[in-house]
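Trainee: If you scroll down you'll find the structure; I have some questions about it.
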Amino acid sequence: MFFKQKVDLCSVFKSAGLLLLVPGFMAFFCLPLCIIFQEYFALIPFAVTGAATTLIGYGLYRFCGERKDTHLWDAMLAAALGWLISPLFAAIPYIWIAHYHQAVWENNSALLSMSNPLNAFFEVLSGFTSTGLSMINEPQKLPYVLQFWRAFTQWIGGVGLIVFVIAFLEPYHKEYRLFYAETRSKELGKSLIESGRMIWLIYLIYTAFFIVILSLAQMPIWEAICHTMTGISTGGFTISVGSFTHYSPLIKIITIVMMIMGAISFTIHYKVLFEKDYKILWKNMQHILLWILFIIGSVGTF
């Protein structure tokens, strides 16, 4: 028999329920933006998405049996299930807003493409996985809240749904299996929770830093926010016509540095920033290989 390990479905659905809390939090986070940009039509779609996702996620976590130590196989199934169902719920605002306002924005190609549920699911899945493939060829035509939602999915995907859960939602050490199933990396700090929070601290520091730097380089603040979120995650969603072709050389250089920083392992960042272990920069084989491939790729473009 190929599968010798018995699958604990309760454990799988319980962990998957935790992952569903992430798009729920994200949807609620977008509600103030609907008010700030006076895009009130988006309030109900995001509120319903947040409420439904949170209730279903909490219900799965709360009622799927007693908490047990999660086997790696169960954690891998939970991670796979979470990465499947989270984008399904996160696609709701795209679909809802596109259908409800088709008459208002009948010539809006960006919204029309999102009226197709498969396109919307593709867009969100591409965001959560930081892949960067897109069904939207004119993202500048999206409402502001959907521009942010698109960047937000990629920013969260840059560190992963599970790391978010570990850092902010789940204060138990037994989630190591779930953490390992997604990250395949060692803990950074003294505990799993500390590791998740250190990852997010590093991520937030770099995000804030590059938003400021891009703004100082004369990129409009809204574009700086969205492009930093998608750049530091190495995803590449943009909200500008022609992507980065019309930006200054300085902005392009800053963005290149940002993408390189986002591609470097969090372990390297942690060692350098918090332990002052600079030797790891030339001793870590993964880091060395990254730069070798980067140099080869750069030379190959000329």
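In the structure tokens, chains take letters A, B, ... by order of appearance, with residues numbered from 1 within each chain and ligands from 1 in the order shown.
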Do a neighbour search on A:Phe13 at 10 Å with only C-alpha atoms, toss out local chain neighbours closer than 6 positions, and write the hits as a list in words.
Mentor: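 So, after excluding close chain neighbours, the residues are Leu19, Gly57, Gly59, Leu60, Tyr61, Phe63, Cys64, Gly65, Asp74, Ala75, Leu77, Ala78, Ala79, Leu81 and Gly82 of chain A.
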Trainee: Pull all heavy atoms from the residues just selected and write them as a short mmCIF file (atom, residue, chain, number, x, y, z; two decimals), in the first residue's frame.
Mentor:
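The resulting out-v7.cif:
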```
data_model
loop_
_atom_site.label_atom_id
_atom_site.label_comp_id
_atom_site.auth_asym_id
_atom_site.auth_seq_id
_atom_site.Cartn_x
_atom_site.Cartn_y
_atom_site.Cartn_z
N LEU A 19 -6.03 28.28 8.35
CA LEU A 19 -5.55 28.99 7.17
C LEU A 19 -6.65 29.86 6.56
O LEU A 19 -6.37 30.91 5.98
CB LEU A 19 -5.03 27.99 6.13
CG LEU A 19 -3.87 27.10 6.58
CD1 LEU A 19 -3.40 26.23 5.43
CD2 LEU A 19 -2.71 27.94 7.11
N GLY A 57 -13.81 29.20 8.78
CA GLY A 57 -12.49 28.82 9.26
C GLY A 57 -12.49 28.53 10.75
O GLY A 57 -11.95 27.51 11.20
N GLY A 59 -15.11 27.75 12.53
CA GLY A 59 -15.94 26.58 12.76
C GLY A 59 -15.18 25.28 12.55
O GLY A 59 -15.28 24.34 13.35
N LEU A 60 -14.38 25.23 11.48
CA LEU A 60 -13.57 24.04 11.23
C LEU A 60 -12.55 23.83 12.34
O LEU A 60 -12.34 22.71 12.81
CB LEU A 60 -12.85 24.17 9.89
CG LEU A 60 -13.71 24.05 8.62
CD1 LEU A 60 -12.89 24.39 7.38
CD2 LEU A 60 -14.28 22.65 8.50
N TYR A 61 -11.93 24.91 12.77
CA TYR A 61 -10.91 24.80 13.81
C TYR A 61 -11.53 24.43 15.17
O TYR A 61 -10.97 23.62 15.91
CB TYR A 61 -10.16 26.12 13.94
CG TYR A 61 -9.16 26.13 15.06
CD1 TYR A 61 -7.97 25.42 14.97
CD2 TYR A 61 -9.41 26.85 16.24
CE1 TYR A 61 -7.06 25.41 16.01
CE2 TYR A 61 -8.51 26.85 17.28
CZ TYR A 61 -7.33 26.13 17.16
OH TYR A 61 -6.44 26.11 18.19
N PHE A 63 -14.58 22.96 15.87
CA PHE A 63 -15.44 21.79 16.03
C PHE A 63 -14.89 20.51 15.40
O PHE A 63 -15.55 19.48 15.46
CB PHE A 63 -16.83 22.08 15.48
CG PHE A 63 -17.52 23.21 16.18
CD1 PHE A 63 -17.70 24.44 15.55
CD2 PHE A 63 -17.97 23.06 17.49
CE1 PHE A 63 -18.33 25.49 16.21
CE2 PHE A 63 -18.60 24.11 18.14
CZ PHE A 63 -18.77 25.32 17.51
N CYS A 64 -13.70 20.55 14.81
CA CYS A 64 -13.14 19.33 14.20
C CYS A 64 -12.30 18.55 15.22
O CYS A 64 -11.10 18.33 15.03
CB CYS A 64 -12.29 19.69 12.98
SG CYS A 64 -13.27 20.06 11.52
N GLY A 65 -12.92 18.14 16.30
CA GLY A 65 -12.27 17.26 17.27
C GLY A 65 -11.30 17.97 18.18
O GLY A 65 -11.07 19.18 18.09
N ASP A 74 -0.36 14.77 7.60
CA ASP A 74 -1.59 15.54 7.79
C ASP A 74 -1.35 17.02 7.53
O ASP A 74 -2.20 17.71 6.95
CB ASP A 74 -2.11 15.35 9.22
CG ASP A 74 -2.48 13.90 9.51
OD1 ASP A 74 -2.90 13.19 8.57
OD2 ASP A 74 -2.32 13.47 10.68
N ALA A 75 -0.19 17.52 7.99
CA ALA A 75 0.13 18.93 7.80
C ALA A 75 0.28 19.27 6.32
O ALA A 75 -0.16 20.34 5.87
CB ALA A 75 1.42 19.27 8.56
N LEU A 77 -1.21 17.76 3.81
CA LEU A 77 -2.57 17.77 3.23
C LEU A 77 -3.31 19.04 3.63
O LEU A 77 -4.02 19.64 2.82
CB LEU A 77 -3.34 16.53 3.69
CG LEU A 77 -2.92 15.20 3.09
CD1 LEU A 77 -3.73 14.06 3.71
CD2 LEU A 77 -3.11 15.20 1.58
N ALA A 78 -3.15 19.46 4.89
CA ALA A 78 -3.81 20.68 5.36
C ALA A 78 -3.29 21.90 4.61
O ALA A 78 -4.05 22.80 4.23
CB ALA A 78 -3.59 20.85 6.87
N ALA A 79 -1.96 21.94 4.40
CA ALA A 79 -1.37 23.06 3.67
C ALA A 79 -1.90 23.10 2.24
O ALA A 79 -2.26 24.16 1.72
CB ALA A 79 0.15 22.94 3.67
N LEU A 81 -4.73 21.81 1.13
CA LEU A 81 -6.15 22.16 1.17
C LEU A 81 -6.33 23.66 1.44
O LEU A 81 -7.17 24.32 0.81
CB LEU A 81 -6.87 21.35 2.26
CG LEU A 81 -8.38 21.56 2.38
CD1 LEU A 81 -9.09 21.19 1.09
CD2 LEU A 81 -8.93 20.73 3.55
N GLY A 82 -5.51 24.19 2.35
CA GLY A 82 -5.59 25.61 2.66
C GLY A 82 -5.25 26.48 1.47
O GLY A 82 -5.91 27.50 1.20
#
```
Trainee: Rank nothing, just name the residue among A:Phe294, A:Phe37, A:Phe121, A:Tyr247 nearest to A:Thr153, using only C-alpha atoms.
Mentor: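 Among A:Phe294, A:Phe37, A:Phe121, A:Tyr247, it is A:Phe121 that comes nearest to A:Thr153.
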Trainee: Find the residues around A:Trp222 up to 10 Å (only C-alpha atoms counted), leave out those fewer than 4 positions away in its own chain, and share them as a PyMOL selection string.
Mentor: chain A and resi 144+147-148+211+215+226-228+239
Trainee: Using only C-alpha atoms, which residue out of A:Tyr206, A:Phe274, A:Phe237, A:Trp282 lies closest to A:Ile260?
Mentor: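 Answer, going by the shortest atom-to-atom distance: A:Tyr206.
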Trainee: Between atom CA of A:Phe46 and atom CA of A:Cys34, what is the distance in Å, rounded to a tenth?
Mentor: 9.0 Å
Trainee: Mind checking which residues fall within 10 Å of A:Leu125, counting only C-alpha atoms, ignoring those fewer than 5 positions away in the same chain, and posting them as a PyMOL selection string?
Mentor: chain A and resi 83-88+90-91+119-120+130-134+153-154+157
Trainee: Using all heavy atoms, can you export the residues from the last selection as a compact mmCIF listing (two decimals), in the first residue's frame?
Mentor:
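What landed in result-v7.txt:
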```txt
# COMPACT_ATOMS: atom_id res chain seq x y z
N TRP A 83 -4.22 26.07 0.71
CA TRP A 83 -3.83 26.84 -0.48
C TRP A 83 -4.87 26.73 -1.59
O TRP A 83 -4.88 27.56 -2.51
CB TRP A 83 -2.48 26.35 -0.98
CG TRP A 83 -1.33 26.92 -0.23
CD1 TRP A 83 -0.57 26.30 0.70
CD2 TRP A 83 -0.81 28.25 -0.32
NE1 TRP A 83 0.39 27.15 1.19
CE2 TRP A 83 0.26 28.36 0.57
CE3 TRP A 83 -1.17 29.36 -1.09
CZ2 TRP A 83 0.99 29.54 0.73
CZ3 TRP A 83 -0.44 30.53 -0.93
CH2 TRP A 83 0.63 30.61 -0.03
N LEU A 84 -5.75 25.74 -1.51
CA LEU A 84 -6.81 25.60 -2.52
C LEU A 84 -8.04 26.41 -2.15
O LEU A 84 -8.58 27.16 -2.98
CB LEU A 84 -7.18 24.12 -2.68
CG LEU A 84 -8.37 23.84 -3.62
CD1 LEU A 84 -8.02 24.25 -5.05
CD2 LEU A 84 -8.75 22.37 -3.56
N ILE A 85 -8.50 26.27 -0.90
CA ILE A 85 -9.77 26.90 -0.53
C ILE A 85 -9.62 28.39 -0.19
O ILE A 85 -10.56 29.16 -0.38
CB ILE A 85 -10.44 26.15 0.64
CG1 ILE A 85 -9.55 26.13 1.89
CG2 ILE A 85 -10.82 24.75 0.22
CD1 ILE A 85 -10.19 25.45 3.08
N SER A 86 -8.46 28.81 0.29
CA SER A 86 -8.27 30.24 0.61
C SER A 86 -8.44 31.11 -0.63
O SER A 86 -9.15 32.13 -0.58
CB SER A 86 -6.91 30.46 1.26
OG SER A 86 -6.86 29.88 2.55
N PRO A 87 -7.81 30.76 -1.77
CA PRO A 87 -8.05 31.57 -2.97
C PRO A 87 -9.50 31.54 -3.46
O PRO A 87 -9.97 32.51 -4.05
CB PRO A 87 -7.11 30.93 -4.01
CG PRO A 87 -6.04 30.28 -3.21
CD PRO A 87 -6.75 29.77 -1.98
N LEU A 88 -10.21 30.43 -3.21
CA LEU A 88 -11.62 30.36 -3.62
C LEU A 88 -12.42 31.46 -2.92
O LEU A 88 -13.25 32.14 -3.55
CB LEU A 88 -12.20 28.99 -3.29
CG LEU A 88 -11.78 27.83 -4.20
CD1 LEU A 88 -12.31 26.51 -3.64
CD2 LEU A 88 -12.29 28.04 -5.62
N ALA A 90 -11.02 34.18 -1.43
CA ALA A 90 -10.42 35.47 -1.73
C ALA A 90 -10.80 35.99 -3.11
O ALA A 90 -10.64 37.18 -3.40
CB ALA A 90 -8.90 35.37 -1.62
N ALA A 91 -11.32 35.11 -3.96
CA ALA A 91 -11.74 35.53 -5.30
C ALA A 91 -13.12 36.19 -5.28
O ALA A 91 -13.51 36.86 -6.25
CB ALA A 91 -11.77 34.33 -6.25
N ASN A 119 -11.11 33.12 -13.91
CA ASN A 119 -10.10 34.18 -14.01
C ASN A 119 -9.79 34.76 -12.63
O ASN A 119 -8.62 35.03 -12.29
CB ASN A 119 -10.56 35.29 -14.94
CG ASN A 119 -10.58 34.87 -16.40
OD1 ASN A 119 -10.08 33.80 -16.74
ND2 ASN A 119 -11.15 35.69 -17.25
N ALA A 120 -10.84 35.00 -11.84
CA ALA A 120 -10.66 35.57 -10.51
C ALA A 120 -9.87 34.62 -9.61
O ALA A 120 -8.97 35.03 -8.86
CB ALA A 120 -12.02 35.90 -9.89
N SER A 130 2.69 34.10 -5.11
CA SER A 130 3.70 35.05 -5.59
C SER A 130 4.24 34.66 -6.96
O SER A 130 5.43 34.83 -7.25
CB SER A 130 4.86 35.17 -4.58
OG SER A 130 4.41 35.72 -3.37
N THR A 131 3.35 34.13 -7.79
CA THR A 131 3.76 33.69 -9.12
C THR A 131 3.89 34.86 -10.08
O THR A 131 4.84 34.96 -10.85
CB THR A 131 2.76 32.67 -9.69
OG1 THR A 131 2.61 31.61 -8.75
CG2 THR A 131 3.25 32.10 -11.00
N GLY A 132 2.90 35.75 -10.06
CA GLY A 132 2.97 36.94 -10.89
C GLY A 132 2.23 36.84 -12.20
O GLY A 132 2.10 37.84 -12.92
N LEU A 133 1.73 35.66 -12.57
CA LEU A 133 0.92 35.54 -13.78
C LEU A 133 -0.41 36.24 -13.54
O LEU A 133 -0.98 36.15 -12.46
CB LEU A 133 0.70 34.07 -14.13
CG LEU A 133 1.97 33.25 -14.43
CD1 LEU A 133 1.61 31.79 -14.62
CD2 LEU A 133 2.68 33.79 -15.65
N SER A 134 -0.92 36.92 -14.56
CA SER A 134 -2.12 37.73 -14.34
C SER A 134 -3.09 37.63 -15.50
O SER A 134 -2.69 37.47 -16.66
CB SER A 134 -1.72 39.20 -14.14
OG SER A 134 -2.86 40.00 -13.95
N THR A 153 -2.72 40.14 -1.65
CA THR A 153 -2.62 38.68 -1.77
C THR A 153 -1.18 38.27 -2.05
O THR A 153 -0.69 37.26 -1.53
CB THR A 153 -3.54 38.14 -2.88
OG1 THR A 153 -3.21 38.75 -4.13
CG2 THR A 153 -5.00 38.40 -2.56
N GLN A 154 -0.50 39.05 -2.87
CA GLN A 154 0.88 38.72 -3.20
C GLN A 154 1.81 38.99 -2.01
O GLN A 154 2.76 38.23 -1.77
CB GLN A 154 1.34 39.52 -4.42
CG GLN A 154 2.46 38.85 -5.18
CD GLN A 154 2.51 39.32 -6.62
OE1 GLN A 154 2.91 40.44 -6.90
NE2 GLN A 154 2.12 38.46 -7.55
N GLY A 157 1.30 36.25 0.42
CA GLY A 157 1.89 35.05 -0.16
C GLY A 157 3.40 35.04 -0.12
O GLY A 157 4.02 33.98 -0.17
```
Trainee: Looking at only C-alpha atoms, which of A:Ile156, A:Ala16, A:Ala42, A:Leu118 is the one that sits closest to A:Ser233?
Mentor: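 Ranking A:Ile156, A:Ala16, A:Ala42, A:Leu118 by distance to A:Ser233, first place goes to A:Ile156.
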Trainee: Between atom CA of A:Trp200 and atom CA of A:Leu33, measure the distance and give it in Å to one decimal.
Mentor: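 Going from atom CA of A:Trp200 over to atom CA of A:Leu33, I get 22.4 Å.
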Trainee: Give me the residues within 12 Å of A:Pro117 as a PyMOL selection string, counting only C-alpha atoms and dropping any in the same chain fewer than 5 places off.
Mentor: chain A and resi 87-99+111-112+122-124+135
Trainee: What would the file look like if the residues just selected were written as an mmCIF file, in the first residue's frame with N, CA, C and O atoms?
Mentor:
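Result saved to out14.cif:
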```
data_model
loop_
_atom_site.group_PDB
_atom_site.id
_atom_site.type_symbol
_atom_site.label_atom_id
_atom_site.label_comp_id
_atom_site.auth_asym_id
_atom_site.auth_seq_id
_atom_site.Cartn_x
_atom_site.Cartn_y
_atom_site.Cartn_z
ATOM 1 N N PRO A 87 -7.814 30.762 -1.772
ATOM 2 C CA PRO A 87 -8.055 31.569 -2.974
ATOM 3 C C PRO A 87 -9.502 31.535 -3.461
ATOM 4 O O PRO A 87 -9.974 32.507 -4.047
ATOM 5 N N LEU A 88 -10.210 30.426 -3.215
ATOM 6 C CA LEU A 88 -11.616 30.363 -3.617
ATOM 7 C C LEU A 88 -12.422 31.458 -2.925
ATOM 8 O O LEU A 88 -13.245 32.136 -3.552
ATOM 9 N N PHE A 89 -12.182 31.648 -1.630
ATOM 10 C CA PHE A 89 -12.886 32.695 -0.895
ATOM 11 C C PHE A 89 -12.340 34.078 -1.243
ATOM 12 O O PHE A 89 -13.102 35.046 -1.345
ATOM 13 N N ALA A 90 -11.024 34.179 -1.428
ATOM 14 C CA ALA A 90 -10.421 35.474 -1.727
ATOM 15 C C ALA A 90 -10.803 35.990 -3.109
ATOM 16 O O ALA A 90 -10.644 37.177 -3.402
ATOM 17 N N ALA A 91 -11.316 35.105 -3.964
ATOM 18 C CA ALA A 91 -11.744 35.532 -5.304
ATOM 19 C C ALA A 91 -13.121 36.194 -5.280
ATOM 20 O O ALA A 91 -13.509 36.862 -6.251
ATOM 21 N N ILE A 92 -13.848 36.041 -4.179
ATOM 22 C CA ILE A 92 -15.219 36.571 -4.107
ATOM 23 C C ILE A 92 -15.298 38.074 -4.360
ATOM 24 O O ILE A 92 -16.165 38.525 -5.134
ATOM 25 N N PRO A 93 -14.455 38.922 -3.735
ATOM 26 C CA PRO A 93 -14.560 40.364 -4.010
ATOM 27 C C PRO A 93 -14.380 40.707 -5.486
ATOM 28 O O PRO A 93 -15.086 41.585 -6.013
ATOM 29 N N TYR A 94 -13.444 40.046 -6.159
ATOM 30 C CA TYR A 94 -13.272 40.279 -7.600
ATOM 31 C C TYR A 94 -14.562 40.000 -8.350
ATOM 32 O O TYR A 94 -15.053 40.836 -9.126
ATOM 33 N N ILE A 95 -15.117 38.804 -8.128
ATOM 34 C CA ILE A 95 -16.291 38.365 -8.882
ATOM 35 C C ILE A 95 -17.501 39.234 -8.559
ATOM 36 O O ILE A 95 -18.232 39.692 -9.453
ATOM 37 N N TRP A 96 -17.717 39.474 -7.277
ATOM 38 C CA TRP A 96 -18.890 40.225 -6.820
ATOM 39 C C TRP A 96 -18.868 41.642 -7.390
ATOM 40 O O TRP A 96 -19.853 42.113 -7.982
ATOM 41 N N ILE A 97 -17.758 42.342 -7.211
ATOM 42 C CA ILE A 97 -17.659 43.731 -7.662
ATOM 43 C C ILE A 97 -17.746 43.799 -9.190
ATOM 44 O O ILE A 97 -18.391 44.694 -9.745
ATOM 45 N N ALA A 98 -17.114 42.861 -9.870
ATOM 46 C CA ALA A 98 -17.145 42.862 -11.333
ATOM 47 C C ALA A 98 -18.557 42.670 -11.860
ATOM 48 O O ALA A 98 -18.995 43.373 -12.777
ATOM 49 N N HIS A 99 -19.318 41.730 -11.299
ATOM 50 C CA HIS A 99 -20.679 41.469 -11.762
ATOM 51 C C HIS A 99 -21.632 42.595 -11.377
ATOM 52 O O HIS A 99 -22.452 43.026 -12.196
ATOM 53 N N LEU A 111 -12.121 44.810 -14.966
ATOM 54 C CA LEU A 111 -13.232 44.250 -14.202
ATOM 55 C C LEU A 111 -13.972 43.174 -14.988
ATOM 56 O O LEU A 111 -14.412 42.177 -14.417
ATOM 57 N N LEU A 112 -14.094 43.362 -16.287
ATOM 58 C CA LEU A 112 -14.785 42.364 -17.100
ATOM 59 C C LEU A 112 -14.063 41.016 -17.041
ATOM 60 O O LEU A 112 -14.702 39.962 -16.998
ATOM 61 N N PHE A 122 -7.784 32.310 -10.622
ATOM 62 C CA PHE A 122 -6.420 32.300 -11.154
ATOM 63 C C PHE A 122 -5.638 33.490 -10.613
ATOM 64 O O PHE A 122 -4.480 33.354 -10.196
ATOM 65 N N GLU A 123 -6.268 34.663 -10.612
ATOM 66 C CA GLU A 123 -5.588 35.890 -10.166
ATOM 67 C C GLU A 123 -5.205 35.804 -8.690
ATOM 68 O O GLU A 123 -4.091 36.166 -8.310
ATOM 69 N N VAL A 124 -6.116 35.323 -7.869
ATOM 70 C CA VAL A 124 -5.839 35.227 -6.433
ATOM 71 C C VAL A 124 -4.798 34.150 -6.156
ATOM 72 O O VAL A 124 -3.894 34.349 -5.332
ATOM 73 N N MET A 135 -4.368 37.727 -15.171
ATOM 74 C CA MET A 135 -5.426 37.768 -16.170
ATOM 75 C C MET A 135 -5.839 39.205 -16.476
ATOM 76 O O MET A 135 -6.713 39.435 -17.309
#
```
Trainee: For the helix (DSSP H, G or I) assignment from backbone DSSP, which residues of stretch 81-115 of chain A qualify? Please present them as a PyMOL selection string.
Mentor: chain A and resi 81-90+92-100+109-114
Trainee: I'd like to know which of A:Leu273, A:Leu9, A:Ala151, A:Met261 is closest to A:Met229, using only C-alpha atoms.
Mentor: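 Closest candidate: A:Ala151.
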Trainee: A:Ala80, A:Leu146, A:Ile296, A:Met114: which is nearest A:Cys30, counting only C-alpha atoms?
Mentor: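 Going through A:Ala80, A:Leu146, A:Ile296, A:Met114 one by one, the smallest distance to A:Cys30 is for A:Leu146.
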